[in-house]
Each structure stands twice: as structure tokens, then as C-alpha cells.
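Asker: This is the structure, below, for whatever I ask next.
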Amino acid sequence: MSLSEQEDGDESTVFIIIGRVFQQKGDDPVDVHILLVAPDDDTAVRTTLNALAMEGYEEADLDQIGIMEGMPDEEPHASAYQGALEGEVAIITM
């Protein structure tokens, strides 16, 4: 079974979350794209917020959530997609 398949054989759902993060309250925002595998959008948002906190971001404004429809063609999203399939929460700062 490949890493991109769940136990029931279905493809994993790779979410992309777009927003802004702040190292400290009042700092200038940094645009981010986060890619991760999760069973649903609520879990994806909770996991994203936990990962951002672990990376030292004090505040986050998450604007959009969507589902990736296959591996992106261009970097850094292609590597982040692969990382998400391998269980990582991939944080791309813009």
C-alpha cells in the first residue's frame, strides 16, 4: 500500500490552507500555504494551528481551505504535497 492510500484503499485527502501568520502579536503578517493530510476540514484546521504554534507563530488568520486535486507541477508546492502524503504538515511561507 502506498503512503497516499488509507487503510480502506481510498486516496488520502490533501488539504491546502491559505492564511497569514504572525511571530508575535502586532508583527507584520507572513503569508502561508499549509499542506497536510487529514480526515476532514475541522481536523485539518486544528492540526494546522498546532503545527504553527509548534513553529513559534503566536497568531494565525486562516482565510481559505481546499482540497488538492493531485500533485502540483511547481515547487515549493510539489515537495510540500509529497511531504503531506508522508505525514508532514508542510508550511510554505511566501
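Within each chain, counting starts at residue 1; across the C-alpha cells, chains are named A, B, ... in the order shown, with ligands numbered 1 upward in that order.
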Run DSSP on the backbone of this structure and report the residues of range 6-83 of chain A it assigns to strand (DSSP E), as JSON, numbers by chain.
Answerer: {"A": [14, 15, 16, 17, 18, 19, 20, 21, 22, 30, 31, 32, 33, 34, 35, 36, 37, 59, 60, 61, 62, 63, 64, 65, 66, 67]}
Asker: Write out the residues from the selection above, keeping C-alpha atoms, as a compact mmCIF listing (two decimals), in the first residue's frame.
Answerer:
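Output below, filename again-v6.txt:
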```txt
# COMPACT_ATOMS: atom_id res chain seq x y z
CA VAL A 14 -4.51 16.56 0.97
CA PHE A 15 -5.81 19.87 2.24
CA ILE A 16 -4.35 23.26 1.46
CA ILE A 17 -4.95 26.06 3.93
CA ILE A 18 -4.10 29.65 3.00
CA GLY A 19 -3.64 32.43 5.52
CA ARG A 20 -1.30 34.74 7.36
CA VAL A 21 0.77 34.13 10.46
CA PHE A 22 2.44 36.39 12.99
CA VAL A 30 3.66 36.44 6.72
CA ASP A 31 1.56 34.77 4.01
CA VAL A 32 1.49 30.97 4.28
CA HIS A 33 0.20 27.93 2.45
CA ILE A 34 -0.09 24.79 4.58
CA LEU A 35 -0.49 21.33 3.04
CA LEU A 36 -1.45 18.31 5.13
CA VAL A 37 -3.44 15.10 5.11
CA GLU A 59 -1.20 34.19 15.91
CA ALA A 60 -2.76 32.97 12.66
CA ASP A 61 -5.52 34.18 10.36
CA LEU A 62 -6.65 31.28 8.17
CA ASP A 63 -8.56 32.52 5.13
CA GLN A 64 -9.25 29.56 2.86
CA ILE A 65 -9.28 25.78 2.96
CA GLY A 66 -9.45 23.50 -0.03
CA ILE A 67 -8.58 20.04 -1.27
```
Asker: For Ala80 in chain A, please output as a PyMOL selection string all residues within 8 Å (counting only C-alpha atoms; exclusion window: fewer than 6 positions along the same chain).
Answerer: chain A and resi 35+90-92
Asker: Can you tell me how far CA of Gln24 in chain A sits from CA of Ala44 in chain A, in Å to one decimal?
Answerer: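 So the answer is 22.9 Å.
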Asker: Let me make sure I understand: among A:Met54, A:Gln23, A:Met68, A:Asp42, which one has the smallest atom-to-atom distance to Ala84 in chain A if we use only C-alpha atoms?
Answerer: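 Among the listed residues, the smallest separation from Ala84 in chain A belongs to A:Met68.
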Asker: For the atom pair CA of Ala51 in chain A and CA of Ala38 in chain A, what is the interatomic distance in Å to one decimal place?
Answerer: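 CA of Ala51 in chain A sits 13.2 Å away from CA of Ala38 in chain A.
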Asker: By how many Å are CA of Pro39 in chain A and CA of Pro76 in chain A apart?
Answerer: 23.5 Å
Asker: Let me make sure I understand: among A:Tyr57, A:Ser79, A:Leu52, A:Asp40, which one has the smallest atom-to-atom distance to Gly26 in chain A if we use only C-alpha atoms?
Answerer: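 Smallest separation from Gly26 in chain A among the options: A:Tyr57.
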Asker: Assign secondary structure with DSSP using the backbone only, and return the residues of chain A in helix (DSSP H, G or I) as a list in words.
Answerer: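 So, restricting chain A to helix (DSSP H, G or I), we get Asp41, Asp42, Thr43, Ala44, Val45, Arg46, Thr47, Thr48, Leu49, Asn50, Ala51, Leu52, Ala53, Met54, His77, Ala78, Ser79, Ala80, Tyr81, Gln82, Gly83, Ala84 and Leu85 of chain A.
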Asker: Keeping only C-alpha atoms, take the residues you just selected and write them out as an mmCIF file, in the first residue's frame.
Answerer:
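Resulting contents of result.cif:
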```cif
data_model
loop_
_atom_site.group_PDB
_atom_site.id
_atom_site.type_symbol
_atom_site.label_atom_id
_atom_site.label_comp_id
_atom_site.auth_asym_id
_atom_site.auth_seq_id
_atom_site.Cartn_x
_atom_site.Cartn_y
_atom_site.Cartn_z
ATOM 1 C CA ASP A 41 -11.547 20.059 7.376
ATOM 2 C CA ASP A 42 -12.015 20.551 11.141
ATOM 3 C CA THR A 43 -9.112 18.207 11.871
ATOM 4 C CA ALA A 44 -7.039 19.932 9.169
ATOM 5 C CA VAL A 45 -7.554 23.336 10.809
ATOM 6 C CA ARG A 46 -6.771 22.054 14.329
ATOM 7 C CA THR A 47 -3.650 20.254 13.116
ATOM 8 C CA THR A 48 -2.531 23.363 11.214
ATOM 9 C CA LEU A 49 -2.939 25.614 14.246
ATOM 10 C CA ASN A 50 -0.985 23.151 16.413
ATOM 11 C CA ALA A 51 1.824 22.932 13.842
ATOM 12 C CA LEU A 52 2.029 26.724 13.536
ATOM 13 C CA ALA A 53 2.200 27.079 17.322
ATOM 14 C CA MET A 54 4.997 24.495 17.443
ATOM 15 C CA HIS A 77 4.116 23.100 -3.539
ATOM 16 C CA ALA A 78 5.148 19.820 -5.211
ATOM 17 C CA SER A 79 7.587 18.980 -2.395
ATOM 18 C CA ALA A 80 5.081 20.120 0.220
ATOM 19 C CA TYR A 81 2.419 17.871 -1.334
ATOM 20 C CA GLN A 82 4.781 14.887 -1.171
ATOM 21 C CA GLY A 83 5.629 15.759 2.437
ATOM 22 C CA ALA A 84 1.940 15.909 3.306
ATOM 23 C CA LEU A 85 1.426 12.444 1.838
#
```
